[in-house]
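One file, upload_24.cif, is given below (mmCIF, C-alpha atoms).
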```
data_protein
#
loop_
_atom_site.group_PDB
_atom_site.id
_atom_site.type_symbol
_atom_site.label_atom_id
_atom_site.label_comp_id
_atom_site.auth_asym_id
_atom_site.auth_seq_id
_atom_site.Cartn_x
_atom_site.Cartn_y
_atom_site.Cartn_z
ATOM 1 C CA MET A 1 0.000 0.000 0.000
ATOM 2 C CA ALA A 2 2.850 2.290 -0.800
ATOM 3 C CA GLY A 3 1.749 5.836 -1.427
ATOM 4 C CA ILE A 4 -1.509 5.473 0.493
ATOM 5 C CA LYS A 5 -1.334 7.751 3.506
ATOM 6 C CA SER A 6 -4.888 7.394 4.777
ATOM 7 C CA TYR A 7 -7.822 5.028 4.530
ATOM 8 C CA LYS A 8 -9.659 7.993 2.977
ATOM 9 C CA ASP A 9 -7.426 7.570 -0.094
ATOM 10 C CA LEU A 10 -8.832 4.079 -0.704
ATOM 11 C CA LEU A 11 -11.510 3.820 -3.388
ATOM 12 C CA ILE A 12 -13.147 0.988 -1.440
ATOM 13 C CA TRP A 13 -13.590 3.325 1.528
ATOM 14 C CA GLN A 14 -14.919 6.146 -0.693
ATOM 15 C CA LYS A 15 -17.420 3.823 -2.371
ATOM 16 C CA GLY A 16 -18.440 2.541 1.067
ATOM 17 C CA ILE A 17 -19.248 6.101 2.130
ATOM 18 C CA ARG A 18 -21.361 6.531 -1.021
ATOM 19 C CA ILE A 19 -23.324 3.384 -0.134
ATOM 20 C CA VAL A 20 -23.995 4.753 3.373
ATOM 21 C CA VAL A 21 -25.320 8.049 2.010
ATOM 22 C CA LEU A 22 -27.600 6.304 -0.491
ATOM 23 C CA VAL A 23 -28.907 3.799 2.078
ATOM 24 C CA TYR A 24 -29.793 6.673 4.400
ATOM 25 C CA LYS A 25 -31.624 8.425 1.554
ATOM 26 C CA LEU A 26 -33.484 5.253 0.592
ATOM 27 C CA THR A 27 -34.577 4.378 4.121
ATOM 28 C CA HIS A 28 -35.861 7.899 4.737
ATOM 29 C CA SER A 29 -39.126 6.896 3.049
ATOM 30 C CA PHE A 30 -39.533 3.584 4.922
ATOM 31 C CA PRO A 31 -42.561 3.260 7.209
ATOM 32 C CA LYS A 32 -41.995 4.964 10.565
ATOM 33 C CA ASP A 33 -42.779 1.732 12.444
ATOM 34 C CA GLU A 34 -39.644 0.240 10.825
ATOM 35 C CA ILE A 35 -37.308 2.818 12.352
ATOM 36 C CA TYR A 36 -36.055 0.388 15.019
ATOM 37 C CA ALA A 37 -36.199 -2.653 12.755
ATOM 38 C CA LEU A 38 -35.189 -2.847 9.095
ATOM 39 C CA THR A 39 -34.297 0.842 8.806
ATOM 40 C CA SER A 40 -31.916 0.629 11.750
ATOM 41 C CA GLN A 41 -30.404 -2.649 10.533
ATOM 42 C CA LEU A 42 -29.742 -1.233 7.074
ATOM 43 C CA LYS A 43 -28.144 1.918 8.427
ATOM 44 C CA ARG A 44 -25.890 0.025 10.837
ATOM 45 C CA ALA A 45 -24.822 -2.498 8.192
ATOM 46 C CA SER A 46 -24.041 0.260 5.691
ATOM 47 C CA VAL A 47 -21.991 2.243 8.216
ATOM 48 C CA SER A 48 -20.103 -0.969 9.022
ATOM 49 C CA VAL A 49 -18.627 -1.195 5.508
ATOM 50 C CA PRO A 50 -16.395 1.918 5.442
ATOM 51 C CA SER A 51 -15.896 1.767 9.222
ATOM 52 C CA ASN A 52 -14.308 -1.682 9.034
ATOM 53 C CA ILE A 53 -12.176 -0.617 6.078
ATOM 54 C CA ALA A 54 -10.900 2.318 8.132
ATOM 55 C CA GLU A 55 -10.306 0.181 11.218
ATOM 56 C CA GLY A 56 -8.506 -2.511 9.239
ATOM 57 C CA PHE A 57 -6.279 0.070 7.584
ATOM 58 C CA GLY A 58 -5.365 1.404 11.005
ATOM 59 C CA ARG A 59 -4.232 -2.026 12.207
ATOM 60 C CA GLN A 60 -1.235 -1.793 9.838
ATOM 61 C CA THR A 61 -0.870 -5.508 9.132
ATOM 62 C CA ASN A 62 -2.136 -7.215 6.001
ATOM 63 C CA LYS A 63 -3.611 -10.109 7.971
ATOM 64 C CA SER A 64 -5.600 -7.837 10.257
ATOM 65 C CA PHE A 65 -6.640 -5.595 7.365
ATOM 66 C CA GLY A 66 -7.847 -8.664 5.453
ATOM 67 C CA HIS A 67 -9.943 -9.698 8.459
ATOM 68 C CA PHE A 68 -11.697 -6.323 8.584
ATOM 69 C CA LEU A 69 -12.209 -6.344 4.807
ATOM 70 C CA ASN A 70 -13.977 -9.695 5.210
ATOM 71 C CA ILE A 71 -16.267 -8.124 7.795
ATOM 72 C CA SER A 72 -17.000 -5.303 5.325
ATOM 73 C CA ARG A 73 -17.847 -7.838 2.650
ATOM 74 C CA GLY A 74 -20.206 -9.588 5.073
ATOM 75 C CA SER A 75 -21.903 -6.267 5.790
ATOM 76 C CA LEU A 76 -22.406 -5.755 2.053
ATOM 77 C CA ASN A 77 -24.187 -9.119 1.895
ATOM 78 C CA GLU A 78 -26.290 -8.078 4.862
ATOM 79 C CA ILE A 79 -27.290 -4.802 3.164
ATOM 80 C CA GLU A 80 -28.154 -6.594 -0.060
ATOM 81 C CA THR A 81 -30.329 -9.125 1.775
ATOM 82 C CA GLN A 82 -32.111 -6.450 3.778
ATOM 83 C CA LEU A 83 -32.756 -4.366 0.662
ATOM 84 C CA ILE A 84 -34.293 -7.394 -1.044
ATOM 85 C CA ILE A 85 -36.539 -7.880 2.001
ATOM 86 C CA ALA A 86 -37.491 -4.185 1.953
ATOM 87 C CA LYS A 87 -38.330 -4.450 -1.736
ATOM 88 C CA GLU A 88 -40.468 -7.541 -1.161
ATOM 89 C CA LEU A 89 -42.305 -5.699 1.627
ATOM 90 C CA GLU A 90 -42.838 -2.796 -0.795
ATOM 91 C CA PHE A 91 -40.955 -0.299 1.382
ATOM 92 C CA ILE A 92 -38.840 0.846 -1.589
ATOM 93 C CA THR A 93 -40.367 3.857 -3.326
ATOM 94 C CA ASP A 94 -37.347 4.907 -5.390
ATOM 95 C CA LYS A 95 -36.486 2.026 -7.724
ATOM 96 C CA ASN A 96 -33.611 3.956 -9.337
ATOM 97 C CA LEU A 97 -31.965 4.542 -5.980
ATOM 98 C CA PHE A 98 -32.479 0.886 -5.059
ATOM 99 C CA ASN A 99 -30.852 -0.211 -8.333
ATOM 100 C CA GLU A 100 -27.949 2.190 -7.852
ATOM 101 C CA ILE A 101 -27.249 0.832 -4.375
ATOM 102 C CA MET A 102 -27.453 -2.763 -5.577
ATOM 103 C CA PHE A 103 -24.998 -1.956 -8.372
ATOM 104 C CA LEU A 104 -22.611 -0.254 -5.932
ATOM 105 C CA ILE A 105 -22.808 -3.236 -3.572
ATOM 106 C CA GLU A 106 -21.813 -5.592 -6.379
ATOM 107 C CA GLU A 107 -19.028 -3.270 -7.490
ATOM 108 C CA GLU A 108 -17.766 -2.746 -3.922
ATOM 109 C CA SER A 109 -17.764 -6.485 -3.249
ATOM 110 C CA LYS A 110 -15.639 -7.120 -6.333
ATOM 111 C CA MET A 111 -13.246 -4.336 -5.351
ATOM 112 C CA ILE A 112 -12.877 -5.732 -1.827
ATOM 113 C CA ASN A 113 -12.255 -9.223 -3.234
ATOM 114 C CA SER A 114 -9.521 -7.859 -5.471
ATOM 115 C CA PHE A 115 -8.042 -5.787 -2.666
ATOM 116 C CA CYS A 116 -7.914 -8.855 -0.386
ATOM 117 C CA LYS A 117 -6.190 -10.873 -3.099
ATOM 118 C CA ASN A 118 -3.571 -8.160 -3.531
ATOM 119 C CA LEU A 119 -2.953 -8.039 0.218
ATOM 120 C CA LYS A 120 -1.946 -11.707 0.150
ATOM 121 C CA ASP A 121 0.428 -11.311 -2.811
#
```

What is this file in structure tokens?
Amino acid sequence: MAGIKSYKDLLIWQKGIRIVVLVYKLTHSFPKDEIYALTSQLKRASVSVPSNIAEGFGRQTNKSFGHFLNISRGSLNEIETQLIIAKELEFITDKNLFNEIMFLIEEESKMINSFCKNLKD
């Protein structure tokens, strides 16, 4: 990771932040009785992605960083699953925003996979 001075320089962290912002926007229109259920779960899982990338970067070992990247990847799967549930329950009002988040999740997952592979090399 030569040349990278901060976790904020990592594209996987930047994309993670974008996912958080979009998840917050999407859940804003969820039913109010979901605020402590699916809405809360989605927000916490989305925040977990860039947070774990930042924490892993701060550990300064490839093994530890890889561990936290795996947690981020798990959180992406959690977000995807919860968004599918929200769609099935017809909580999603903005289909374009939903599709954008799903695309970013897929893209972020691939980037994390590649990043993990490069950490091992």

Enumerate, as a short mmCIF file (atom, residue, chain, number, x, y, z; two decimals) with C-alpha atoms, keeping the file's coordinate frame, the residues matched when the PyMOL selection byres ((chain A and resi 44) around 12) is run on the file above.
```
data_model
loop_
_atom_site.label_atom_id
_atom_site.label_comp_id
_atom_site.auth_asym_id
_atom_site.auth_seq_id
_atom_site.Cartn_x
_atom_site.Cartn_y
_atom_site.Cartn_z
CA ILE A 19 -23.32 3.38 -0.13
CA VAL A 20 -24.00 4.75 3.37
CA VAL A 21 -25.32 8.05 2.01
CA VAL A 23 -28.91 3.80 2.08
CA TYR A 24 -29.79 6.67 4.40
CA THR A 27 -34.58 4.38 4.12
CA ILE A 35 -37.31 2.82 12.35
CA TYR A 36 -36.06 0.39 15.02
CA ALA A 37 -36.20 -2.65 12.76
CA LEU A 38 -35.19 -2.85 9.10
CA THR A 39 -34.30 0.84 8.81
CA SER A 40 -31.92 0.63 11.75
CA GLN A 41 -30.40 -2.65 10.53
CA LEU A 42 -29.74 -1.23 7.07
CA LYS A 43 -28.14 1.92 8.43
CA ALA A 45 -24.82 -2.50 8.19
CA SER A 46 -24.04 0.26 5.69
CA VAL A 47 -21.99 2.24 8.22
CA SER A 48 -20.10 -0.97 9.02
CA VAL A 49 -18.63 -1.20 5.51
CA PRO A 50 -16.40 1.92 5.44
CA SER A 51 -15.90 1.77 9.22
CA ASN A 52 -14.31 -1.68 9.03
CA SER A 72 -17.00 -5.30 5.32
CA SER A 75 -21.90 -6.27 5.79
CA LEU A 76 -22.41 -5.76 2.05
CA GLU A 78 -26.29 -8.08 4.86
CA ILE A 79 -27.29 -4.80 3.16
CA GLN A 82 -32.11 -6.45 3.78
#
```

Please provide the set of residues having any atom within 10 Å of range 102-106 of chain A, restricted to all atoms listed in the file, with same-chain residues fewer than 5 positions apart removed, written as a CSV table (one decimal) with C-alpha atoms, keeping the file's coordinate frame.
```
chain,number,residue,atom,x,y,z
A,15,LYS,CA,-17.4,3.8,-2.4
A,16,GLY,CA,-18.4,2.5,1.1
A,18,ARG,CA,-21.4,6.5,-1.0
A,19,ILE,CA,-23.3,3.4,-0.1
A,22,LEU,CA,-27.6,6.3,-0.5
A,46,SER,CA,-24.0,0.3,5.7
A,73,ARG,CA,-17.8,-7.8,2.6
A,75,SER,CA,-21.9,-6.3,5.8
A,76,LEU,CA,-22.4,-5.8,2.1
A,77,ASN,CA,-24.2,-9.1,1.9
A,79,ILE,CA,-27.3,-4.8,3.2
A,80,GLU,CA,-28.2,-6.6,-0.1
A,83,LEU,CA,-32.8,-4.4,0.7
A,84,ILE,CA,-34.3,-7.4,-1.0
A,96,ASN,CA,-33.6,4.0,-9.3
A,97,LEU,CA,-32.0,4.5,-6.0
A,111,MET,CA,-13.2,-4.3,-5.4
```

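By chain and then residue number, the residues within 9 Å of Phe91 in chain A are Thr27, Ser29, Phe30, Pro31, Ile85 and Ala86 of chain A, counting all atoms listed in the file and disregarding those fewer than 5 positions away in sequence.
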
Since we have the selection now, will you write its residues out, keeping C-alpha atoms, as a PDB file, in the coordinates of the input?
```
ATOM      1  CA  THR A  27     -34.577   4.378   4.121  1.00  0.00           C
ATOM      2  CA  SER A  29     -39.126   6.896   3.049  1.00  0.00           C
ATOM      3  CA  PHE A  30     -39.533   3.584   4.922  1.00  0.00           C
ATOM      4  CA  PRO A  31     -42.561   3.260   7.209  1.00  0.00           C
ATOM      5  CA  ILE A  85     -36.539  -7.880   2.001  1.00  0.00           C
ATOM      6  CA  ALA A  86     -37.491  -4.185   1.953  1.00  0.00           C
TER       7      ALA A  86
END
```

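Distance check against His67 in chain A using only C-alpha atoms: of A:Glu34, A:Lys87, A:Ile112, A:Lys5, the minimum falls on A:Ile112.
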
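For the pair CA of Glu88 in chain A and CA of Glu108 in chain A, the separation is 23.4 Å.
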
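The space separating CA of Ala54 in chain A from CA of Lys8 in chain A comes to 7.8 Å.
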
Revision key, fill the gap. If you count only C-alpha atoms, the residue of A:Asn118, A:Asn62, A:Thr93, A:Asn99 closest to His28 in chain A turns out to be A:Thr93

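CA of Gly66 in chain A is found 9.0 Å from CA of Lys117 in chain A.
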
Quick one: axis-aligned box around all listed atoms of range 47-63 of chain A, 5 Å on every side, centre and edge lengths in Å to one decimal, written as JSON.
```
{"center_x": -11.4, "center_y": -3.9, "center_z": 8.8, "size_x": 31.1, "size_y": 22.4, "size_z": 16.8}
```

Point to revise | Proximity to Gly74 in chain A - best of A:Asn113, A:Ile4, A:Asp9, A:Leu119, only C-alpha atoms | key: A:Asn113

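Selection check: the PyMOL selection byres ((chain A and resi 56) around 8) on the shown file gives Asn52, Ile53, Ala54, Glu55, Phe57, Gly58, Arg59, Gln60, Ser64, Phe65, Gly66, His67, Phe68 and Leu69 of chain A.
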
For C-alpha atoms, I'd like the residues from the last selection saved as a PDB file, in the coordinates of the input.
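As a result, selection08.pdb now contains:
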```
ATOM      1  CA  ASN A  52     -14.308  -1.682   9.034  1.00  0.00           C
ATOM      2  CA  ILE A  53     -12.176  -0.617   6.078  1.00  0.00           C
ATOM      3  CA  ALA A  54     -10.900   2.318   8.132  1.00  0.00           C
ATOM      4  CA  GLU A  55     -10.306   0.181  11.218  1.00  0.00           C
ATOM      5  CA  PHE A  57      -6.279   0.070   7.584  1.00  0.00           C
ATOM      6  CA  GLY A  58      -5.365   1.404  11.005  1.00  0.00           C
ATOM      7  CA  ARG A  59      -4.232  -2.026  12.207  1.00  0.00           C
ATOM      8  CA  GLN A  60      -1.235  -1.793   9.838  1.00  0.00           C
ATOM      9  CA  SER A  64      -5.600  -7.837  10.257  1.00  0.00           C
ATOM     10  CA  PHE A  65      -6.640  -5.595   7.365  1.00  0.00           C
ATOM     11  CA  GLY A  66      -7.847  -8.664   5.453  1.00  0.00           C
ATOM     12  CA  HIS A  67      -9.943  -9.698   8.459  1.00  0.00           C
ATOM     13  CA  PHE A  68     -11.697  -6.323   8.584  1.00  0.00           C
ATOM     14  CA  LEU A  69     -12.209  -6.344   4.807  1.00  0.00           C
TER      15      LEU A  69
END
```
